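To start, the structure itself, in structure tokens.
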Amino acid sequence: MKNQKLLLQKMSGVSLMLLLFLFFSNCAGGGGTFSTDVWNITYDDQEGGISLTYKSKNICNGMYASYQWEGKEIKTSDYARHKISTGKVSDSFGKGHIYKVEYTDKELPELTQYFYLYPDKEYILTDFTVEAKEEISSAKMAPVNVDSISGFLQAGDNRALFVPFDNDKWIRYQSHPLGFDTLVSYEVTAIFNNESRNGLVIGSVEHDNWKTAVSIGKGMNDNIGSLVCFGGIADEQTRDVKVHGALVGKKIKSPKVFLGFFENWCDGLEAYAKANAVIAPPKAWEKAVPFGWNSWGALQFNLTYEKAMEVSDYFKENLQNNHFVNPDQTVYIGLDSGWDCMNEEQLKSFIEKCKSNGQIGGIYWTPFTDWARDPERTVDAAPEYKYKGKPQELDGAYAVDPTHPAVEAMMKKTSGLFHRAGFEYVKMDFMTHGAMEADRWYNPEIKTGIQGYNYGMKLLNQYFGDMYINLSISPVFPAQYAQSRRIACDAWNQIKDTEYTLNALSYGWWQKYIYQYNDADHIVLRDATDGENRARITSGVITGIYITGDDFSAGGGKDGKEKSQKYLTNPEVNAVATGEVFRPVEGNGEKSEHIFVRQTPDGRFHCAVFNYSDQEQTTTLSLERIGLDKARSYQVKELWSGNETSAEGQLEVTVPSKDVQLFEFK
């Protein structure tokens with residue numbers, strides 16, 4: 001063996017420097033195998049790529065990397081020579097091993113493929129670089145390509161998960177039965193058997209340069225065919241009308257990809273989220289989960305200074321003194337779009353009212369949009385500039401370049417107003433506009449939409465970072481710039497809105513581990529049935545932050561106020577609203593799952609069972625299936641009604657139409 005000490009180098013997206021020590025002999029051509037406690041990785045000459053085995057289960061053969069270069073797709077199999085080396089790695093993920101394959105060919109740039117393995121982890125990480133003496137560019141780099149994947153799932157209810165790029169236009173997650181021709185999921189997917197829950201999770205854990213997708217091709221009924229995870233997606237689902245920008249340099253790098261096999265696909269998606277959080281830790285927040293109100297629910301553009309003041313008093317006099325308050329004994333009163341009906345003195349007066357009532361004031365902004373849609377209009381905060389350029393429109397607004405100095409000028413002006421007034425919470429909306437691909441950006445170093453978005457979000461944190469930042473319409477990733485994010489698009493008061501929100505919780509609950517909290521949108525109670533009220537409140541309680549939205553001003557209707565005092569004040573339900581997320585029991589819902597569970601660190605176990613239909617439904621809960629000991633007897637309390645019973649082995653649950661039952665097991 002020949003020891004080689006590599007230079008200290010910083011890996012993209014990881015704050016800690018990595019020190020690598022290569023200790024195996026290099027193999028020019030030929031195979032090479034390395035194993036950990038759970039993974040076995042081999043370069044297979046016959047297959048022309050990498051074979052992966054997890055605990056004796058063959059995951060794939062012939063995996064290769066590819067990239068777009070000079071109008072062609074270049075694969076690792078196109079190279080004349082390869083050399084394998086292995087070594088140790090110590091980084092933010094822990095101590096592990098690195099498996100490296102270097103590809104050379106006199107006609108092609110050098111390609112180096114990396115695999116990172118950590119003892120006892122169910123996943124590996126992989127990426128690659130392309131390097132040349134002259135500058136090169138690529139708009140697509142795929143660390144994982146498998147033309148024909150092994151049958152790693154048992155026969156049965158096998159599925160693949162569609163994860164959307166953002167939460168715009170009421171897009172939905174979907175658990176697809178296998179048998180489709182092609183499925184493209186954004187950033188991540190899970191391919192799993194819903195009966196055993198075994199499954200593969202694959203997705204990008206770096207979001208500095210690339211929009212990443214996972215493309216799954218048709219296979220047999222019980223398994224998929226091909227699998228590709230690549231950086232460089234730009235299509236209708238990413239809200240783009242232009243192709244993905246190209247990385248340029250003498251050395252360019254693919255996104256780093258997470259690939260793991262798990263006994264439970266839910267554990268796999270949570271592990272995926274936590275791996276993202278290793279690279280880009282969630283934005284810090286030391287206070288309790290926000291409880292509160294947002295004006296867009298019912299008032300919308302009918303918001304006035306007087307009504308905002310009255311809402312603050314309503315919460316103080318009717319809700320804060322009756323269990324609707326977070327563990328810090330406060331609520332957040334948020335002004336949404338339309339707050340500009342108030343001048344600065346009125347905004348300051350509103351904040352003074354909130355503080356006197358034990359509340360924190362919130363406000364709203366859209367940093368990357370031009371709602372006037374006028375390219376010749378002068379920028380208020382930077383009158384030396386106009387909204388020039390060929391505009392791209394999304395959701396009724398033109399997208400503006402996050403790297404332009406006029407955008408920073410607007411941030412400086414707007415944050416100055418918010419800070420002078422005393423706001424501590426800001427809802428940032430229509431963020432996807434800032435991630436759209438473009439012909440070019442003002443900053444010449446920016447080459448892709450996600451690079452531009454990161455640039456803009458770093459500026460946003462520079463000016464607003466001392467406030468609680470809640471993202472509304474936005475991409476899932478990058479996630480490190482805000483404490484919370486709307487898990488779906490707008491949701492209102494009816495059971496269809498609850499079901500839509502819970503579709504995103506069913507397959508996106510894991511985003512709790514890349515943000516401090518998920519956001520189920522404001523909860524409106526008026527003009528809905530009592531069951532719909534209970535269901536909508538519960539959807540917020542089990543998702544994350546707990547924000548209401550009725551018109552609680554003096555002129556607001558009786559319906560919303562009476563229901564608020566009836567349903568927002570249940571102490572046992574509100575005690576469940578800690579910001580910790582519930583996760584689904586199953587993964588095969590036609591639209592949304594209807595059973596969600598959470599185990600708390602102190603040993604409490606909660607289960608929510610929803611009924612989205614017009615008919616009463618009876619469900620038999622298997623205690624083992626939901627995560628409890630089938631041999632134990634439990635005391636069970638339904639928190640909305642207060643009814644108590646006991647259960648052993650199973651529990652029969654009857655839920656009225658358009659309603660919910662929320663259980664606590666002891």
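As shown in the structure tokens, the chain order sets the letters A, B, ...; within each chain, residues go from 1, and ligands are also counted from 1 in the order they appear.
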*Which residues, written as a ChimeraX atom specification, have at least one atom at most 8 Å from range 302-318 of chain A, with only C-alpha atoms counted and residues fewer than 6 positions away on the same chain left out?*
/A:295,333,335,338-339,341-342,346-347,350,353-354,357-359,551-554,565
Selected residues written out, all heavy atoms, as a compact mmCIF listing (two decimals), in the first residue's frame:
```
# COMPACT_ATOMS: atom_id res chain seq x y z
N SER A 295 -53.75 38.58 8.07
CA SER A 295 -54.88 39.35 7.54
C SER A 295 -55.40 38.84 6.20
O SER A 295 -56.52 39.19 5.80
CB SER A 295 -54.48 40.83 7.40
OG SER A 295 -53.45 41.00 6.45
N ILE A 333 -49.38 38.82 15.30
CA ILE A 333 -50.46 39.45 14.54
C ILE A 333 -49.85 39.98 13.25
O ILE A 333 -49.04 40.92 13.26
CB ILE A 333 -51.11 40.60 15.33
CG1 ILE A 333 -51.60 40.10 16.70
CG2 ILE A 333 -52.27 41.21 14.54
CD1 ILE A 333 -52.68 39.03 16.64
N LEU A 335 -49.78 41.44 9.29
CA LEU A 335 -50.39 42.22 8.21
C LEU A 335 -49.87 41.67 6.89
O LEU A 335 -48.67 41.67 6.63
CB LEU A 335 -50.02 43.70 8.34
CG LEU A 335 -50.27 44.35 9.71
CD1 LEU A 335 -49.84 45.81 9.67
CD2 LEU A 335 -51.73 44.20 10.13
N GLY A 338 -51.56 44.47 1.31
CA GLY A 338 -52.54 45.51 1.62
C GLY A 338 -52.15 46.35 2.80
O GLY A 338 -52.81 47.36 3.10
N TRP A 339 -51.05 45.99 3.48
CA TRP A 339 -50.60 46.78 4.64
C TRP A 339 -50.18 48.18 4.24
O TRP A 339 -50.13 49.09 5.09
CB TRP A 339 -49.45 46.09 5.36
CG TRP A 339 -48.20 45.91 4.54
CD1 TRP A 339 -47.83 44.79 3.85
CD2 TRP A 339 -47.16 46.87 4.30
NE1 TRP A 339 -46.63 44.99 3.20
CE2 TRP A 339 -46.20 46.26 3.46
CE3 TRP A 339 -46.95 48.18 4.72
CZ2 TRP A 339 -45.05 46.93 3.03
CZ3 TRP A 339 -45.81 48.86 4.29
CH2 TRP A 339 -44.87 48.22 3.46
N CYS A 341 -51.76 50.37 2.97
CA CYS A 341 -52.81 51.36 3.22
C CYS A 341 -52.47 52.21 4.44
O CYS A 341 -53.11 53.24 4.69
CB CYS A 341 -54.16 50.68 3.42
SG CYS A 341 -54.26 49.69 4.94
N MET A 342 -51.46 51.80 5.19
CA MET A 342 -51.05 52.50 6.41
C MET A 342 -49.76 53.27 6.16
O MET A 342 -48.89 52.82 5.42
CB MET A 342 -50.85 51.51 7.56
CG MET A 342 -52.03 50.63 7.84
SD MET A 342 -51.70 49.47 9.20
CE MET A 342 -52.84 48.16 8.78
N GLN A 346 -48.72 54.98 11.47
CA GLN A 346 -49.76 54.00 11.79
C GLN A 346 -49.15 52.62 12.02
O GLN A 346 -49.58 51.89 12.92
CB GLN A 346 -50.80 53.97 10.68
CG GLN A 346 -51.69 55.19 10.63
CD GLN A 346 -52.62 55.18 9.44
OE1 GLN A 346 -52.24 54.78 8.34
NE2 GLN A 346 -53.86 55.64 9.65
N LEU A 347 -48.14 52.28 11.22
CA LEU A 347 -47.46 51.00 11.42
C LEU A 347 -46.80 50.96 12.80
O LEU A 347 -46.87 49.94 13.50
CB LEU A 347 -46.42 50.77 10.33
CG LEU A 347 -46.97 50.55 8.91
CD1 LEU A 347 -45.83 50.48 7.90
CD2 LEU A 347 -47.81 49.28 8.83
N PHE A 350 -49.47 50.50 15.37
CA PHE A 350 -49.93 49.11 15.39
C PHE A 350 -48.98 48.24 16.21
O PHE A 350 -49.42 47.42 17.03
CB PHE A 350 -50.05 48.59 13.96
CG PHE A 350 -50.21 47.10 13.85
CD1 PHE A 350 -51.40 46.49 14.20
CD2 PHE A 350 -49.16 46.30 13.41
CE1 PHE A 350 -51.54 45.10 14.11
CE2 PHE A 350 -49.30 44.93 13.31
CZ PHE A 350 -50.49 44.33 13.67
N LYS A 353 -49.44 48.81 19.84
CA LYS A 353 -50.65 48.11 20.30
C LYS A 353 -50.35 46.62 20.52
O LYS A 353 -50.74 46.04 21.54
CB LYS A 353 -51.76 48.27 19.26
CG LYS A 353 -52.97 47.37 19.44
CD LYS A 353 -53.77 47.72 20.69
CE LYS A 353 -54.59 48.97 20.45
NZ LYS A 353 -55.52 49.22 21.58
N CYS A 354 -49.65 46.01 19.56
CA CYS A 354 -49.32 44.59 19.70
C CYS A 354 -48.48 44.35 20.96
O CYS A 354 -48.76 43.42 21.74
CB CYS A 354 -48.56 44.10 18.47
SG CYS A 354 -49.56 43.94 16.97
N ASN A 357 -50.35 44.42 24.08
CA ASN A 357 -51.24 43.26 24.21
C ASN A 357 -50.47 41.94 24.31
O ASN A 357 -51.07 40.86 24.20
CB ASN A 357 -52.19 43.21 23.02
CG ASN A 357 -53.30 44.24 23.11
OD1 ASN A 357 -53.61 44.72 24.20
ND2 ASN A 357 -53.91 44.57 21.98
N GLY A 358 -49.15 42.00 24.49
CA GLY A 358 -48.36 40.77 24.61
C GLY A 358 -48.19 40.04 23.30
O GLY A 358 -48.13 38.80 23.26
N GLN A 359 -48.11 40.79 22.20
CA GLN A 359 -48.07 40.22 20.86
C GLN A 359 -46.83 40.70 20.09
O GLN A 359 -46.20 41.69 20.47
CB GLN A 359 -49.33 40.62 20.08
CG GLN A 359 -50.62 40.19 20.76
CD GLN A 359 -51.83 41.00 20.32
OE1 GLN A 359 -51.70 41.96 19.56
NE2 GLN A 359 -53.00 40.61 20.80
N ASP A 551 -61.88 37.40 10.13
CA ASP A 551 -61.99 38.84 10.38
C ASP A 551 -62.45 39.05 11.81
O ASP A 551 -63.64 38.92 12.13
CB ASP A 551 -62.99 39.46 9.39
CG ASP A 551 -63.15 40.96 9.60
OD1 ASP A 551 -62.49 41.52 10.52
OD2 ASP A 551 -63.94 41.58 8.87
N PHE A 552 -61.49 39.35 12.68
CA PHE A 552 -61.79 39.55 14.10
C PHE A 552 -61.89 41.03 14.45
O PHE A 552 -61.84 41.40 15.63
CB PHE A 552 -60.72 38.88 14.97
CG PHE A 552 -60.65 37.39 14.79
CD1 PHE A 552 -59.45 36.77 14.49
CD2 PHE A 552 -61.78 36.60 14.91
CE1 PHE A 552 -59.38 35.39 14.32
CE2 PHE A 552 -61.72 35.23 14.75
CZ PHE A 552 -60.52 34.61 14.46
N SER A 553 -62.04 41.90 13.43
CA SER A 553 -62.24 43.32 13.71
C SER A 553 -63.66 43.54 14.22
O SER A 553 -64.50 42.63 14.19
CB SER A 553 -62.00 44.14 12.45
OG SER A 553 -63.01 43.89 11.48
N ALA A 554 -63.93 44.76 14.67
CA ALA A 554 -65.25 45.06 15.25
C ALA A 554 -66.37 44.79 14.26
O ALA A 554 -67.47 44.35 14.64
CB ALA A 554 -65.29 46.51 15.72
N GLN A 565 -63.78 31.26 19.41
CA GLN A 565 -63.83 31.07 20.86
C GLN A 565 -64.22 29.64 21.23
O GLN A 565 -63.92 29.17 22.32
CB GLN A 565 -64.81 32.09 21.46
CG GLN A 565 -64.31 33.52 21.31
CD GLN A 565 -65.32 34.55 21.76
OE1 GLN A 565 -65.99 34.38 22.78
NE2 GLN A 565 -65.44 35.64 21.00
```
*List every residue of range 460-499 of chain A that DSSP, applied to the backbone of this structure, assigns to strand (DSSP E), and report them as a PyMOL selection string.*
chain A and resi 468-471+484-486
Export C-alpha atoms of the chosen residues as a CSV table (one decimal), in the first residue's frame?
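As written to disk, result-v2.csv reads:
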```
chain,number,residue,atom,x,y,z
A,468,TYR,CA,-38.6,35.6,11.8
A,469,ILE,CA,-38.8,34.8,8.0
A,470,ASN,CA,-41.7,32.7,6.7
A,471,LEU,CA,-41.7,31.7,3.1
A,484,SER,CA,-40.5,28.2,8.1
A,485,ARG,CA,-42.2,27.6,4.7
A,486,ARG,CA,-45.7,27.1,3.5
```
_Atom-to-atom span, CA of Asn264 in chain A and CA of Ala65 in chain A, Å_ = 27.6 Å
*Please provide as number ranges by chain all residues within 12 Å of Leu178 in chain A, with the sequence filter that same-chain residues fewer than 5 positions apart are discarded (counting only C-alpha atoms).*
A: 153, 155-162, 183, 190-194, 216-225, 588
*Record the distance separating CA of Glu352 in chain A and CA of Ala421 in chain A, expressed in Å with one decimal.*
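Distance between the two atoms: 8.9 Å.
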*Excluding Val248 in chain A and any residue of its chain fewer than 4 positions from it, enumerate the residues within 8 Å of it, using only C-alpha atoms, and give them as a list in words.*
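Residues meeting the cut-off are Glu135, Ile136, Ser137, Ser138, Ile252 and Lys447 of chain A.
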Requested write-out: all heavy atoms of the selected residues, as a PDB file, in the first residue's frame:
```
ATOM      1  N   GLU A 135     -11.400  26.532 -20.287  1.00  0.00           N
ATOM      2  CA  GLU A 135     -12.717  26.677 -19.677  1.00  0.00           C
ATOM      3  C   GLU A 135     -13.731  25.772 -20.367  1.00  0.00           C
ATOM      4  O   GLU A 135     -13.763  25.674 -21.599  1.00  0.00           O
ATOM      5  CB  GLU A 135     -13.165  28.132 -19.776  1.00  0.00           C
ATOM      6  CG  GLU A 135     -14.247  28.505 -18.793  1.00  0.00           C
ATOM      7  CD  GLU A 135     -14.502  29.999 -18.761  1.00  0.00           C
ATOM      8  OE1 GLU A 135     -15.033  30.527 -19.757  1.00  0.00           O
ATOM      9  OE2 GLU A 135     -14.154  30.643 -17.745  1.00  0.00           O
ATOM     10  N   ILE A 136     -14.545  25.103 -19.585  1.00  0.00           N
ATOM     11  CA  ILE A 136     -15.595  24.229 -20.104  1.00  0.00           C
ATOM     12  C   ILE A 136     -16.926  24.652 -19.497  1.00  0.00           C
ATOM     13  O   ILE A 136     -16.968  25.389 -18.501  1.00  0.00           O
ATOM     14  CB  ILE A 136     -15.314  22.742 -19.787  1.00  0.00           C
ATOM     15  CG1 ILE A 136     -15.097  22.551 -18.276  1.00  0.00           C
ATOM     16  CG2 ILE A 136     -14.127  22.238 -20.584  1.00  0.00           C
ATOM     17  CD1 ILE A 136     -14.908  21.102 -17.879  1.00  0.00           C
ATOM     18  N   SER A 137     -18.017  24.181 -20.060  1.00  0.00           N
ATOM     19  CA  SER A 137     -19.336  24.504 -19.522  1.00  0.00           C
ATOM     20  C   SER A 137     -20.259  23.311 -19.678  1.00  0.00           C
ATOM     21  O   SER A 137     -20.095  22.494 -20.588  1.00  0.00           O
ATOM     22  CB  SER A 137     -19.939  25.725 -20.222  1.00  0.00           C
ATOM     23  OG  SER A 137     -20.288  25.428 -21.550  1.00  0.00           O
ATOM     24  N   SER A 138     -21.214  23.237 -18.786  1.00  0.00           N
ATOM     25  CA  SER A 138     -22.223  22.180 -18.864  1.00  0.00           C
ATOM     26  C   SER A 138     -23.501  22.658 -18.192  1.00  0.00           C
ATOM     27  O   SER A 138     -23.461  23.277 -17.123  1.00  0.00           O
ATOM     28  CB  SER A 138     -21.743  20.896 -18.184  1.00  0.00           C
ATOM     29  OG  SER A 138     -22.730  19.879 -18.290  1.00  0.00           O
ATOM     30  N   ILE A 252     -15.732  22.141 -12.978  1.00  0.00           N
ATOM     31  CA  ILE A 252     -17.137  22.289 -12.594  1.00  0.00           C
ATOM     32  C   ILE A 252     -17.587  21.020 -11.879  1.00  0.00           C
ATOM     33  O   ILE A 252     -17.021  19.947 -12.066  1.00  0.00           O
ATOM     34  CB  ILE A 252     -18.033  22.587 -13.804  1.00  0.00           C
ATOM     35  CG1 ILE A 252     -17.893  21.502 -14.874  1.00  0.00           C
ATOM     36  CG2 ILE A 252     -17.712  23.956 -14.379  1.00  0.00           C
ATOM     37  CD1 ILE A 252     -18.814  21.707 -16.063  1.00  0.00           C
ATOM     38  N   LYS A 447     -24.767  32.183 -13.187  1.00  0.00           N
ATOM     39  CA  LYS A 447     -25.016  31.461 -14.431  1.00  0.00           C
ATOM     40  C   LYS A 447     -26.314  30.656 -14.430  1.00  0.00           C
ATOM     41  O   LYS A 447     -26.760  30.209 -15.486  1.00  0.00           O
ATOM     42  CB  LYS A 447     -23.846  30.510 -14.723  1.00  0.00           C
ATOM     43  CG  LYS A 447     -22.475  31.182 -14.784  1.00  0.00           C
ATOM     44  CD  LYS A 447     -22.372  32.192 -15.916  1.00  0.00           C
ATOM     45  CE  LYS A 447     -20.973  32.790 -16.007  1.00  0.00           C
ATOM     46  NZ  LYS A 447     -20.876  33.819 -17.070  1.00  0.00           N
TER      47      LYS A 447
END
```
*From the DSSP assignment of the backbone, select every residue of range 516-643 of chain A that is alpha helix (DSSP H), and format the answer as a VMD selection string.*
chain A and resid 530 to 541 558 to 567 571 to 576 623 to 626
*asked:* List as a VMD selection string the protein and nucleic acid residues near range 30-44 of chain A, meaning an atom at most 8 Å away when only C-alpha atoms are counted, but skip any in the same chain fewer than 4 places from it.
replied: chain A and resid 48 to 55 61 to 62 84 86 99 117 to 122
Output file for the selection above: all heavy atoms, as a compact mmCIF listing (two decimals), in the first residue's frame:
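Contents of again06.txt, as written:
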```txt
# COMPACT_ATOMS: atom_id res chain seq x y z
N GLY A 48 -19.47 -1.93 -16.88
CA GLY A 48 -18.98 -0.60 -17.26
C GLY A 48 -19.41 0.48 -16.31
O GLY A 48 -19.70 1.61 -16.72
N GLY A 49 -19.50 0.15 -15.02
CA GLY A 49 -19.91 1.14 -14.04
C GLY A 49 -19.91 0.59 -12.64
O GLY A 49 -19.32 -0.46 -12.36
N ILE A 50 -20.60 1.28 -11.75
CA ILE A 50 -20.60 0.97 -10.32
C ILE A 50 -21.75 0.03 -9.97
O ILE A 50 -22.88 0.22 -10.41
CB ILE A 50 -20.73 2.27 -9.51
CG1 ILE A 50 -19.54 3.20 -9.77
CG2 ILE A 50 -20.87 1.97 -8.02
CD1 ILE A 50 -18.21 2.67 -9.28
N SER A 51 -21.44 -0.97 -9.15
CA SER A 51 -22.47 -1.83 -8.55
C SER A 51 -22.58 -1.50 -7.09
O SER A 51 -21.57 -1.36 -6.39
CB SER A 51 -22.10 -3.31 -8.74
OG SER A 51 -22.10 -3.66 -10.09
N LEU A 52 -23.82 -1.40 -6.60
CA LEU A 52 -24.08 -1.09 -5.20
C LEU A 52 -24.90 -2.19 -4.57
O LEU A 52 -25.91 -2.64 -5.14
CB LEU A 52 -24.84 0.23 -5.07
CG LEU A 52 -24.10 1.52 -5.44
CD1 LEU A 52 -25.04 2.71 -5.33
CD2 LEU A 52 -22.89 1.72 -4.53
N THR A 53 -24.46 -2.62 -3.38
CA THR A 53 -25.19 -3.62 -2.60
C THR A 53 -25.39 -3.10 -1.19
O THR A 53 -24.46 -2.57 -0.58
CB THR A 53 -24.41 -4.95 -2.54
OG1 THR A 53 -24.17 -5.40 -3.87
CG2 THR A 53 -25.19 -6.01 -1.80
N TYR A 54 -26.62 -3.24 -0.69
CA TYR A 54 -26.95 -2.82 0.67
C TYR A 54 -27.39 -4.04 1.47
O TYR A 54 -28.41 -4.66 1.14
CB TYR A 54 -28.05 -1.76 0.66
CG TYR A 54 -28.55 -1.39 2.05
CD1 TYR A 54 -27.85 -0.50 2.84
CD2 TYR A 54 -29.73 -1.94 2.55
CE1 TYR A 54 -28.29 -0.17 4.11
CE2 TYR A 54 -30.18 -1.62 3.82
CZ TYR A 54 -29.46 -0.74 4.59
OH TYR A 54 -29.90 -0.41 5.86
N LYS A 55 -26.61 -4.42 2.48
CA LYS A 55 -26.94 -5.58 3.31
C LYS A 55 -27.31 -6.80 2.45
O LYS A 55 -28.36 -7.42 2.64
CB LYS A 55 -28.07 -5.25 4.28
CG LYS A 55 -27.71 -4.25 5.35
CD LYS A 55 -28.87 -4.03 6.31
CE LYS A 55 -28.50 -3.06 7.43
NZ LYS A 55 -29.62 -2.81 8.37
N ASN A 61 -26.61 -2.17 -10.78
CA ASN A 61 -25.38 -2.50 -11.48
C ASN A 61 -25.19 -1.50 -12.62
O ASN A 61 -26.17 -0.99 -13.18
CB ASN A 61 -25.44 -3.92 -12.06
CG ASN A 61 -25.56 -4.97 -10.97
OD1 ASN A 61 -24.87 -4.92 -9.97
ND2 ASN A 61 -26.47 -5.93 -11.18
N GLY A 62 -23.95 -1.26 -12.96
CA GLY A 62 -23.67 -0.42 -14.12
C GLY A 62 -24.02 1.04 -13.95
O GLY A 62 -24.33 1.73 -14.93
N ILE A 84 -8.89 3.65 -9.88
CA ILE A 84 -9.67 3.60 -8.65
C ILE A 84 -8.76 3.78 -7.45
O ILE A 84 -7.66 3.21 -7.39
CB ILE A 84 -10.42 2.25 -8.53
CG1 ILE A 84 -11.38 2.08 -9.72
CG2 ILE A 84 -11.17 2.15 -7.21
CD1 ILE A 84 -11.93 0.69 -9.85
N THR A 86 -9.20 4.43 -2.90
CA THR A 86 -10.11 4.56 -1.77
C THR A 86 -9.36 5.18 -0.61
O THR A 86 -8.13 5.15 -0.54
CB THR A 86 -10.69 3.20 -1.35
OG1 THR A 86 -9.62 2.31 -1.08
CG2 THR A 86 -11.57 2.62 -2.44
N TYR A 99 -14.57 6.54 -2.02
CA TYR A 99 -14.25 5.66 -3.15
C TYR A 99 -14.20 6.57 -4.37
O TYR A 99 -15.19 7.23 -4.72
CB TYR A 99 -15.34 4.60 -3.29
CG TYR A 99 -15.11 3.54 -4.33
CD1 TYR A 99 -14.64 2.28 -3.98
CD2 TYR A 99 -15.42 3.76 -5.68
CE1 TYR A 99 -14.48 1.28 -4.92
CE2 TYR A 99 -15.25 2.77 -6.63
CZ TYR A 99 -14.78 1.53 -6.25
OH TYR A 99 -14.61 0.53 -7.19
N LEU A 117 -18.95 6.99 1.91
CA LEU A 117 -19.63 5.96 2.68
C LEU A 117 -19.31 6.16 4.16
O LEU A 117 -18.15 6.42 4.52
CB LEU A 117 -19.19 4.56 2.24
CG LEU A 117 -19.40 4.17 0.78
CD1 LEU A 117 -18.18 4.54 -0.06
CD2 LEU A 117 -19.67 2.67 0.66
N TYR A 118 -20.33 6.02 5.01
CA TYR A 118 -20.17 6.22 6.45
C TYR A 118 -20.69 4.99 7.18
O TYR A 118 -21.78 4.49 6.86
CB TYR A 118 -20.93 7.47 6.90
CG TYR A 118 -20.51 8.71 6.14
CD1 TYR A 118 -21.14 9.06 4.94
CD2 TYR A 118 -19.46 9.51 6.59
CE1 TYR A 118 -20.75 10.18 4.22
CE2 TYR A 118 -19.06 10.64 5.88
CZ TYR A 118 -19.71 10.96 4.70
OH TYR A 118 -19.31 12.07 3.98
N PRO A 119 -19.95 4.48 8.15
CA PRO A 119 -20.36 3.26 8.85
C PRO A 119 -21.77 3.37 9.41
O PRO A 119 -22.15 4.39 9.98
CB PRO A 119 -19.32 3.13 9.97
CG PRO A 119 -18.12 3.86 9.46
CD PRO A 119 -18.66 5.01 8.65
N ASP A 120 -22.54 2.32 9.22
CA ASP A 120 -23.88 2.16 9.79
C ASP A 120 -24.92 3.10 9.19
O ASP A 120 -26.07 3.08 9.62
CB ASP A 120 -23.85 2.34 11.31
CG ASP A 120 -22.93 1.35 11.99
OD1 ASP A 120 -22.90 0.20 11.54
OD2 ASP A 120 -22.24 1.73 12.95
N LYS A 121 -24.57 3.94 8.23
CA LYS A 121 -25.56 4.81 7.60
C LYS A 121 -26.22 4.04 6.45
O LYS A 121 -25.56 3.33 5.69
CB LYS A 121 -24.93 6.10 7.10
CG LYS A 121 -24.74 7.13 8.21
CD LYS A 121 -24.36 8.48 7.65
CE LYS A 121 -24.50 9.58 8.70
NZ LYS A 121 -23.79 9.37 9.93
N GLU A 122 -27.51 4.26 6.32
CA GLU A 122 -28.26 3.57 5.27
C GLU A 122 -28.08 4.23 3.92
O GLU A 122 -28.68 3.79 2.94
CB GLU A 122 -29.75 3.53 5.63
CG GLU A 122 -30.11 2.57 6.75
CD GLU A 122 -29.96 3.21 8.13
OE1 GLU A 122 -29.46 4.36 8.20
OE2 GLU A 122 -30.32 2.56 9.12
```
Dump as a Markdown table the rows for residues of range 247-364 of chain A within 8 Å of range 539-547 of chain A: closest atom pair and distance in Å with one decimal, only C-alpha atoms counted, ordered by chain and rising residue number.
```
| residue | atom | partner | partner_atom | distance |
| --- | --- | --- | --- | --- |
| A:Val289 | CA | A:Ile545 | CA | 5.9 |
| A:Pro290 | CA | A:Ile545 | CA | 5.4 |
| A:Phe291 | CA | A:Tyr546 | CA | 4.7 |
| A:Gly292 | CA | A:Ile547 | CA | 4.7 |
| A:Trp293 | CA | A:Ile547 | CA | 5.0 |
| A:Asn294 | CA | A:Ile547 | CA | 6.7 |
```
*Nearest to Tyr453 in chain A: which of A:Pro375, A:Ser657, A:Trp210, A:Gly334 is it, counting only C-alpha atoms?*
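Closest residue, counting only C-alpha atoms: A:Trp210.
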_Residues near His419 in chain A, anyone? I mean within 12 Å using only C-alpha atoms, not counting same-chain ones fewer than 3 positions away, as a PyMOL selection string._
chain A and resi 344+347-348+351+361-363+411-416+422-426+463-467
*Long-range neighbours of Thr569 in chain A as a list in words, 9 Å cut-off, only C-alpha atoms, 6 positions minimum in chain*: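 So the residues in contact are Leu319, Gln320, Asn322, His323 and Phe324 of chain A.
Reported to one decimal place, the separation of CA of Glu437 in chain A from CA of Ala372 in chain A is 20.9 Å.
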